[in-house]
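Right, one structure below, let's go through it.
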Amino acid sequence: MSKETFEQVGPFARGYKPEEVDEFLARAQEAYLDPYSTEFDAEKVAGVAFTPVRGGYRPDAVDAALDRLASAFVQRKRTQVVARLGEETWLNQIYDLAKTLYPRILRPAGERFRDARGTGYDKGQVDALLDRLAKYFDGQEALTSSEIRRAVFSSAKNAAGYDTAVVDVYLERAVAVLTAVE
């Protein structure tokens with residue numbers, strides 16, 4: 001991939017480090033083209049983070065491409081599972097993954113994740129997103145994987161915040177579930 005793959009931010013703004021993005025996307029493309037590759041999947045694509053640098057690639061453009069790539073990996077996996085084991089097996093796998101999200105949703109607000117040690121994500125904002133996820137599962141609200149992937153939370157310290165790593169892993173799983181049914 002060339003540097004012209006994505007538009008870059010201005011010279012004083014921060015964007016994603018082009019070399020990291022290009023290298024990741026080249027490896028992901030290679031893995032996608034190899035139907036037997038297990039190096040990449042939707043969760044790995046959703047969980048990637050790039051170093052912010054001045055003049056880097058526009059994050060919104062890269063994130064949109066990552067959304068499409070994650071969806072492509074999910075669709076490829078779905079096609080493989082359905083071809084080998086049938087549609088019911090695929091749906092059961094997604095249902096089982098979705099069930100792993102429920103225990104945290106059912107916890108009281110403010111207690112859904114481990115408290116931050118130092119800086120974490122604002123509990124109220126994370127809880128609001130989980131409340132939306134619960135309503136989505138109950139058929140009361142629309143929610144997309146992109147909305148979860150793009151969620152940004154304010155910083156909060158110690159007991160006012162949730163541990164970022166735990167929240168990030170959970171949200172990656174939620175993105176995988178929603179992507180699989182979109």
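Here's how to read the names in the structure tokens: chain A, B, ... by the order shown, residue numbers from 1 in each chain, ligand numbers from 1 in the order shown.
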As a JSON list (two decimals) with C-alpha atoms, in the first residue's frame, please: the residues near Leu97 (chain A) (cut-off 9 Å, only C-alpha atoms, same-chain neighbours under 5 positions excluded).
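Below is the file that was written, around-v2.json:
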[["chain", "number", "residue", "atom", "x", "y", "z"],
["A", 92, "ASN", "CA", -25.40, -21.02, 17.59],
["A", 173, "ARG", "CA", -16.44, -9.01, 21.68],
["A", 174, "ALA", "CA", -19.61, -6.90, 21.38],
["A", 176, "ALA", "CA", -17.80, -9.15, 16.83],
["A", 177, "VAL", "CA", -21.34, -10.15, 17.76]]
In chain A, DSSP strand (DSSP E) residues written as a count of residues only: 15
With a distance cut-off of 9 Å and only C-alpha atoms, select the neighbouring residues of Glu39 (chain A), excluding the residue or stretch itself and same-chain residues fewer than 4 positions from it, and output the selection as a tab-separated table (two decimals) with C-alpha atoms, in the first residue's frame.
chain	number	residue	atom	x	y	z
A	27	ARG	CA	-0.59	-8.29	6.27
A	28	ALA	CA	-4.37	-8.34	6.71
A	31	ALA	CA	-4.22	-13.19	5.32
A	44	LYS	CA	-7.79	-8.63	15.66
Against region 118-139 of chain A, which residues of region 73-100 of chain A fall within 12 Å? For each one I want the closest pair of atoms and the distance in Å (one decimal), counting only C-alpha atoms, rows by chain and increasing residue number, as a Markdown table.
| residue | atom | partner | partner_atom | distance |
| --- | --- | --- | --- | --- |
| A:Tyr95 | CA | A:Phe137 | CA | 11.0 |
| A:Ala98 | CA | A:Phe137 | CA | 9.0 |
| A:Lys99 | CA | A:Phe137 | CA | 10.3 |
Exercise: region 19-24 of chain A partners within 12 Å, only C-alpha atoms, chain neighbours under 6 positions left out, as a PyMOL selection string: chain A and resi 1-6+8+30-31+39-40+44-45+47-53+56-59+61-63+65-66+69
Nearby residues (only C-alpha atoms) at most 12 Å from Arg68 (chain A), same-chain spacing under 5 positions excluded, as a list in words: Leu25, Ala42, Val45, Ala46, Ala61, Val62, Asp63, Phe73, Val74, Gln75, Ser145, Ser146, Thr179 and Glu182 of chain A
Coordinates-based distance that separates CA of Val82 (chain A) from CA of Asp41 (chain A) (Å, one decimal): 16.7 Å
